[in-house]
file query_32.txt (compact mmCIF, C-alpha atoms)
# COMPACT_ATOMS: atom_id res chain seq x y z
CA MET A 724 103.36 81.56 127.33
CA ARG A 725 104.50 77.95 127.64
CA ILE A 726 103.73 75.43 124.91
CA ARG A 727 104.51 71.74 125.11
CA ILE A 728 104.48 68.77 122.77
CA VAL A 729 103.40 65.59 124.54
CA ASP A 730 103.40 62.04 123.14
CA ALA A 731 100.23 60.38 124.44
CA PHE A 732 99.32 56.70 124.84
CA THR A 733 102.97 55.71 125.08
CA GLU A 734 105.68 55.38 127.71
CA ARG A 735 108.54 56.46 125.41
CA PRO A 736 109.27 59.52 123.28
CA PHE A 737 108.56 59.54 119.54
CA ALA A 738 105.74 57.01 119.79
CA GLY A 739 102.03 57.25 120.51
CA ASN A 740 100.17 60.35 119.38
CA PRO A 741 101.77 63.81 119.77
CA ALA A 742 99.62 66.73 120.90
CA GLY A 743 100.30 70.39 121.53
CA VAL A 744 99.31 71.67 124.98
CA VAL A 745 98.89 75.36 125.86
CA LEU A 746 97.90 76.22 129.45
CA LEU A 747 96.49 79.74 129.55
CA ASP A 748 96.79 82.06 132.54
CA SER A 749 93.58 83.93 131.68
CA ASP A 750 90.05 83.00 132.77
CA THR A 751 88.77 82.98 129.18
CA PHE A 752 89.95 81.68 125.82
CA PRO A 753 91.61 84.05 123.32
CA GLU A 754 89.96 84.75 119.97
CA ASP A 755 89.11 81.67 117.92
CA ALA A 756 91.25 82.88 115.05
CA TRP A 757 94.36 82.95 117.26
CA LEU A 758 93.67 79.46 118.58
CA GLN A 759 93.34 78.16 115.04
CA GLN A 760 96.54 79.87 113.95
CA VAL A 761 98.48 78.29 116.81
CA ALA A 762 97.01 74.86 116.01
CA GLY A 763 98.00 75.34 112.38
CA GLU A 764 101.52 76.35 113.39
CA VAL A 765 101.92 73.33 115.69
CA ASN A 766 100.51 71.21 112.83
CA LEU A 767 99.75 68.12 114.89
CA SER A 768 96.48 66.23 114.83
CA GLU A 769 95.31 68.27 117.83
CA THR A 770 96.48 71.12 119.99
CA ALA A 771 94.76 71.49 123.37
CA PHE A 772 94.08 74.85 124.98
CA ALA A 773 93.02 75.02 128.62
CA HIS A 774 92.41 77.72 131.21
CA PRO A 775 91.56 77.40 134.93
CA LEU A 776 88.00 77.82 136.15
CA PRO A 777 86.87 79.40 139.45
CA PRO A 778 86.73 76.97 142.37
CA GLY A 779 83.42 75.48 143.46
CA GLY A 780 82.05 74.68 140.00
CA ASP A 781 81.48 71.42 138.17
CA ALA A 782 84.91 71.56 136.50
CA ASP A 783 88.46 72.71 137.24
CA TRP A 784 89.64 73.64 133.75
CA ALA A 785 88.02 74.63 130.47
CA LEU A 786 89.45 72.64 127.55
CA ARG A 787 89.25 72.94 123.77
CA TRP A 788 90.88 70.92 120.99
CA LEU A 789 91.80 72.15 117.50
CA THR A 790 93.23 70.36 114.50
CA PRO A 791 95.27 72.37 111.96
CA ALA A 792 91.98 72.97 110.13
CA THR A 793 89.09 73.07 112.64
CA GLU A 794 87.84 72.60 116.20
CA VAL A 795 86.61 69.14 117.25
CA ASP A 796 84.02 68.01 119.79
CA MET A 797 86.13 65.35 121.47
CA CYS A 798 89.78 64.34 121.62
CA GLY A 799 91.23 61.68 123.87
CA HIS A 800 94.97 61.92 123.32
CA ALA A 801 95.12 65.72 123.73
CA THR A 802 93.06 65.42 126.94
CA LEU A 803 95.54 62.83 128.22
CA ALA A 804 98.40 65.14 127.20
CA THR A 805 96.83 68.10 129.03
CA ALA A 806 96.26 66.08 132.21
CA HIS A 807 99.85 64.83 131.98
CA VAL A 808 101.19 68.40 131.82
CA LEU A 809 99.02 69.49 134.77
CA HIS A 810 100.31 66.61 136.89
CA THR A 811 103.98 66.66 135.89
CA THR A 812 104.23 70.41 136.49
CA GLY A 813 102.53 70.17 139.89
CA THR A 814 99.63 72.32 138.72
CA ALA A 815 97.16 69.58 139.66
CA THR A 816 97.10 66.30 141.54
CA GLY A 817 94.76 63.33 141.52
CA THR A 818 91.51 64.06 139.70
CA VAL A 819 91.02 66.90 137.20
CA ARG A 820 87.64 67.81 135.71
CA PHE A 821 87.59 69.43 132.26
CA ARG A 822 84.65 71.38 130.85
CA THR A 823 84.47 70.63 127.12
CA ARG A 824 82.12 70.63 124.15
CA SER A 825 81.33 67.01 125.10
CA GLY A 826 80.42 67.80 128.70
CA VAL A 827 82.58 67.43 131.80
CA LEU A 828 85.39 64.90 131.28
CA ILE A 829 87.20 63.57 134.34
CA THR A 830 90.82 62.40 134.42
CA THR A 831 92.57 60.63 137.29
CA ALA A 832 96.31 60.05 137.62
CA ASP A 833 97.74 57.09 139.54
CA ASP A 834 101.11 56.74 141.26
CA SER A 835 102.69 55.12 138.18
CA GLY A 836 101.93 58.15 136.02
CA SER A 837 99.16 56.50 134.04
CA ILE A 838 96.05 58.60 133.52
CA THR A 839 92.50 57.30 133.26
CA MET A 840 89.90 59.37 131.41
CA ASP A 841 86.14 59.03 131.92
CA PHE A 842 84.44 59.62 128.55
CA PRO A 843 80.90 59.04 127.28
CA THR A 844 80.47 55.74 125.44
CA ALA A 845 79.76 56.28 121.75
CA PRO A 846 76.45 54.91 120.46
CA LEU A 847 76.89 52.39 117.62
CA THR A 848 74.37 52.26 114.76
CA PRO A 849 74.75 49.84 111.82
CA VAL A 850 74.98 51.70 108.52
CA ASP A 851 75.74 51.03 104.88
CA VAL A 852 79.25 51.83 103.70
CA PRO A 853 79.28 54.90 101.42
CA ASP A 854 80.54 54.14 97.93
CA THR A 855 83.14 56.88 98.34
CA VAL A 856 84.67 55.03 101.29
CA VAL A 857 84.66 51.70 99.43
CA ARG A 858 86.54 53.25 96.53
CA ALA A 859 88.92 55.12 98.85
CA LEU A 860 89.96 51.97 100.73
CA GLY A 861 90.41 49.85 97.63
CA ASP A 862 90.26 46.08 97.48
CA VAL A 863 89.45 45.20 101.10
CA GLU A 864 86.59 43.25 102.65
CA ILE A 865 84.40 45.29 105.01
CA ARG A 866 82.52 42.98 107.37
CA SER A 867 80.42 45.61 109.14
CA ALA A 868 80.02 49.37 109.42
CA HIS A 869 78.69 51.54 112.25
CA SER A 870 78.21 55.22 112.86
CA THR A 871 79.57 56.38 116.22
CA GLY A 872 77.20 59.21 117.16
CA PRO A 873 77.47 62.98 117.06
CA HIS A 874 80.44 63.59 119.39
CA VAL A 875 82.84 61.06 117.86
CA GLY A 876 81.41 61.30 114.35
CA ASP A 877 83.45 58.50 112.79
CA LEU A 878 82.54 55.63 110.51
CA LEU A 879 83.69 52.43 112.25
CA LEU A 880 84.59 49.63 109.83
CA GLU A 881 85.32 46.04 110.80
CA LEU A 882 87.87 44.31 108.55
CA PRO A 883 88.52 40.55 108.43
CA ASP A 884 91.93 40.45 110.12
CA GLU A 885 94.81 42.44 111.56
CA ARG A 886 96.85 42.29 108.35
CA SER A 887 94.01 43.92 106.38
CA VAL A 888 94.09 46.86 108.80
CA ARG A 889 97.87 47.21 108.71
CA ASP A 890 97.99 47.08 104.89
CA LEU A 891 95.46 49.84 104.27
CA ALA A 892 96.64 52.61 101.96
CA PRO A 893 93.61 54.89 101.51
CA ASP A 894 93.04 57.46 98.81
CA PHE A 895 92.84 60.44 101.18
CA ALA A 896 91.39 62.81 98.58
CA LEU A 897 88.41 60.48 98.14
CA LEU A 898 88.13 59.64 101.82
CA GLY A 899 87.97 63.29 102.83
CA GLY A 900 84.73 63.75 100.93
CA HIS A 901 82.62 61.09 102.62
CA GLY A 902 81.27 63.34 105.42
CA GLY A 903 81.66 62.94 109.17
CA ARG A 904 84.90 63.32 111.11
CA GLY A 905 86.77 60.30 109.82
CA VAL A 906 87.04 56.54 109.34
CA ILE A 907 88.24 53.99 111.89
CA ALA A 908 89.24 50.56 110.54
CA THR A 909 89.49 47.76 113.08
CA ALA A 910 90.00 44.00 113.42
CA ARG A 911 90.54 41.42 116.13
CA ALA A 912 94.16 40.92 117.22
CA GLU A 913 95.91 38.16 115.34
CA ASP A 914 97.93 36.90 118.34
CA PRO A 915 95.92 36.53 121.58
CA GLU A 916 99.21 36.56 123.51
CA GLY A 917 100.42 39.79 121.92
CA GLY A 918 99.28 42.05 124.75
CA TYR A 919 96.34 43.62 122.95
CA ASP A 920 92.85 42.49 121.94
CA PHE A 921 92.11 44.49 118.79
CA VAL A 922 93.86 46.77 116.31
CA SER A 923 92.72 49.93 114.58
CA ARG A 924 93.82 52.77 112.36
CA GLY A 925 92.17 56.17 112.05
CA PHE A 926 91.95 58.40 108.98
CA PHE A 927 90.64 61.99 109.18
CA PRO A 928 91.50 63.90 105.99
CA GLY A 929 88.22 65.84 106.24
CA VAL A 930 89.55 67.70 109.31
CA GLY A 931 93.11 68.07 108.06
CA ILE A 932 94.62 64.82 109.40
CA ALA A 933 95.58 62.04 107.01
CA GLU A 934 96.19 59.41 109.71
CA ASP A 935 95.94 59.86 113.46
CA PRO A 936 98.34 57.50 115.26
CA VAL A 937 96.26 56.82 118.41
CA THR A 938 92.73 58.23 118.63
CA GLY A 939 91.46 58.13 122.20
CA SER A 940 87.93 59.25 121.36
CA ALA A 941 87.55 56.47 118.78
CA HIS A 942 88.09 53.96 121.58
CA THR A 943 84.79 55.05 123.13
CA ALA A 944 83.28 53.28 120.10
CA LEU A 945 85.88 50.52 119.78
CA ALA A 946 85.36 49.52 123.43
CA PRO A 947 81.64 48.65 123.15
CA PHE A 948 82.15 47.17 119.68
CA TRP A 949 84.83 44.70 120.80
CA SER A 950 83.47 44.11 124.30
CA ALA A 951 80.27 42.78 122.73
CA ARG A 952 82.26 40.44 120.49
CA LEU A 953 84.92 39.29 122.93
CA GLY A 954 82.73 39.06 126.02
CA ARG A 955 84.94 41.22 128.27
CA ASP A 956 84.55 44.75 129.58
CA THR A 957 88.31 45.37 129.96
CA LEU A 958 90.37 45.35 126.76
CA VAL A 959 93.55 46.76 125.24
CA GLY A 960 93.56 48.39 121.82
CA HIS A 961 96.63 48.81 119.60
CA GLN A 962 96.36 51.63 117.07
CA GLY A 963 98.53 53.11 114.38
CA GLY A 964 100.50 52.61 111.20
CA ALA A 965 104.11 53.81 111.22
CA ARG A 966 103.62 55.25 114.71
CA THR A 967 101.63 53.29 117.30
CA GLY A 968 100.30 53.31 120.84
CA ARG A 969 97.99 51.41 123.15
CA VAL A 970 94.80 52.28 125.00
CA ARG A 971 93.34 50.28 127.87
CA THR A 972 89.54 50.45 127.80
CA VAL A 973 86.99 49.59 130.48
CA LEU A 974 83.34 49.65 129.41
CA ARG A 975 80.93 50.85 132.09
CA GLY A 976 77.59 51.20 130.35
CA ASP A 977 77.22 54.74 129.04
CA ARG A 978 80.76 55.63 130.15
CA THR A 979 84.09 54.30 128.89
CA LEU A 980 87.35 54.56 130.83
CA LEU A 981 90.47 55.11 128.71
CA THR A 982 93.89 54.64 130.31
CA GLY A 983 97.32 55.49 128.98
CA SER A 984 100.65 57.12 129.72
CA ALA A 985 102.31 60.17 128.19
CA VAL A 986 105.76 61.72 127.76
CA THR A 987 106.62 65.41 127.32
CA VAL A 988 109.14 65.73 124.48
CA ILE A 989 109.25 69.50 123.90
CA ASP A 990 108.78 72.30 126.43
CA GLY A 991 109.12 75.76 124.97
CA GLU A 992 107.90 79.33 124.89
CA LEU A 993 105.15 80.60 122.60
CA LEU A 994 106.21 84.11 121.59
CA ALA A 995 103.27 85.02 119.32
CA THR A 996 100.77 85.48 122.15
CA ALA A 997 97.15 86.52 121.76

call {"tool": "encode", "arguments": {"input": "query_32.txt", "output": "structure tokens"}}
result
Amino acid sequence: MRIRIVDAFTERPFAGNPAGVVLLDSDTFPEDAWLQQVAGEVNLSETAFAHPLPPGGDADWALRWLTPATEVDMCGHATLATAHVLHTTGTATGTVRFRTRSGVLITTADDSGSITMDFPTAPLTPVDVPDTVVRALGDVEIRSAHSTGPHVGDLLLELPDERSVRDLAPDFALLGGHGGRGVIATARAEDPEGGYDFVSRGFFPGVGIAEDPVTGSAHTALAPFWSARLGRDTLVGHQGGARTGRVRTVLRGDRTLLTGSAVTVIDGELLATA
């Protein structure tokens, strides 16, 4: 069984967000325990597992995403990585429809190799910041806080400037106890000529990930948040700390288009099969 490591939301190796990708030959998923063991062994923020579906249905592939600790409802970078593998191996061309826990997600590859994903836009609801999160982030001003709905499940925090986001050093033990999937910290880009409109960092210790370099699903909340403030439906987000990547977002009402590139860096054989 082939297993690949793909760097997503980047055009060069060792950047962006790495994901494991396992394409299964069967028409069903193996036991959940085996999937979780493989995801733990890969030990990246997500490993994607996909198997083909019969023709004529509403989707072409079934897709699931697992962190080293649990399964998640939505993952952008591992979806991008899976679509990249399907296209670069000749397994699929053009548009691929994935059946997931968040409904049918559609990806489309263009001639340049970029892939656009059609995801549901996350609903934003203003909330108070939990005291646990305040203490975990330390001495930083939080200008606003929003929940991002059931599928994304993050707490979205607006900070005053790009430097505040870059300088964050959370207490992960405290942050992991706040509930929800994780915390996204964001701010407007400092340099309007820098090639991106906003920055963010994502922390998910509650699901076994201290910091996720580039979180595609979080951009379904970041897109409406910043589109409302910047007055444009098409934006570019820059995410990450030591390792970074960029996501182009297009807000279309209740759907958000996420575009990025990917690079396969490891292509190997999984010997411990189900």

call {"tool": "residues_around", "arguments": {"input": "query_32.txt", "residues": "Leu786 in chain A", "least_positions_apart": "4", "cutoff": "10 Å", "atoms": "all atoms listed in the file", "output": "PyMOL selection string"}}
result
chain A and resi 745-746+752+771-775+801-802+805+820-824+827-828

call {"tool": "residues_near_point", "arguments": {"input": "query_32.txt", "point": "(96.8, 78.7, 112.3)", "cutoff": "12 Å", "atoms": "only C-alpha atoms", "output": "ChimeraX atom specification"}}
result
/A:754-767,769-770,789-794,995

call {"tool": "atom_distance", "arguments": {"input": "query_32.txt", "atom1": "CA of Ala944 in chain A", "atom2": "CA of Arg886 in chain A"}}
result
21.0 Å

call {"tool": "residues_around", "arguments": {"input": "query_32.txt", "residues": "Leu953 in chain A", "least_positions_apart": "4", "cutoff": "12 Å", "atoms": "all atoms listed in the file", "output": "JSON, numbers by chain"}}
result
{"A": [910, 911, 912, 915, 920, 921, 945, 946, 947, 948, 949, 957, 958, 959]}

call {"tool": "residues_around", "arguments": {"input": "query_32.txt", "residues": "Glu864 in chain A", "least_positions_apart": "4", "cutoff": "9 Å", "atoms": "only C-alpha atoms", "output": "list in words"}}
result
Glu881, Leu882, Pro883 and Ser887 of chain A

call {"tool": "closest_atom_pairs", "arguments": {"input": "query_32.txt", "of": "range 867-947 of chain A", "to": "range 979-987 of chain A", "cutoff": "8 Å", "atoms": "all atoms listed in the file", "output": "JSON lines"}}
result
{"residue": "A:Gly939", "atom": "CA", "partner": "A:Leu981", "partner_atom": "CA", "distance": 7.2}
{"residue": "A:His942", "atom": "CA", "partner": "A:Leu981", "partner_atom": "CA", "distance": 7.6}
{"residue": "A:Thr943", "atom": "CA", "partner": "A:Thr979", "partner_atom": "CA", "distance": 5.9}
{"residue": "A:Ala946", "atom": "CA", "partner": "A:Thr979", "partner_atom": "CA", "distance": 7.4}

call {"tool": "residues_around", "arguments": {"input": "query_32.txt", "residues": "Leu993 in chain A", "least_positions_apart": "6", "cutoff": "9 Å", "atoms": "all atoms listed in the file", "output": "PyMOL selection string"}}
result
chain A and resi 724-726+745

call {"tool": "closest_residue", "arguments": {"input": "query_32.txt", "among": "A:Ala941, A:Arg858, A:Thr816, A:Leu803", "to": "Met840 in chain A", "atoms": "all atoms listed in the file"}}
result
A:Leu803

call {"tool": "atom_distance", "arguments": {"input": "query_32.txt", "atom1": "CA of Asp935 in chain A", "atom2": "CA of Ala815 in chain A"}}
result
28.0 Å
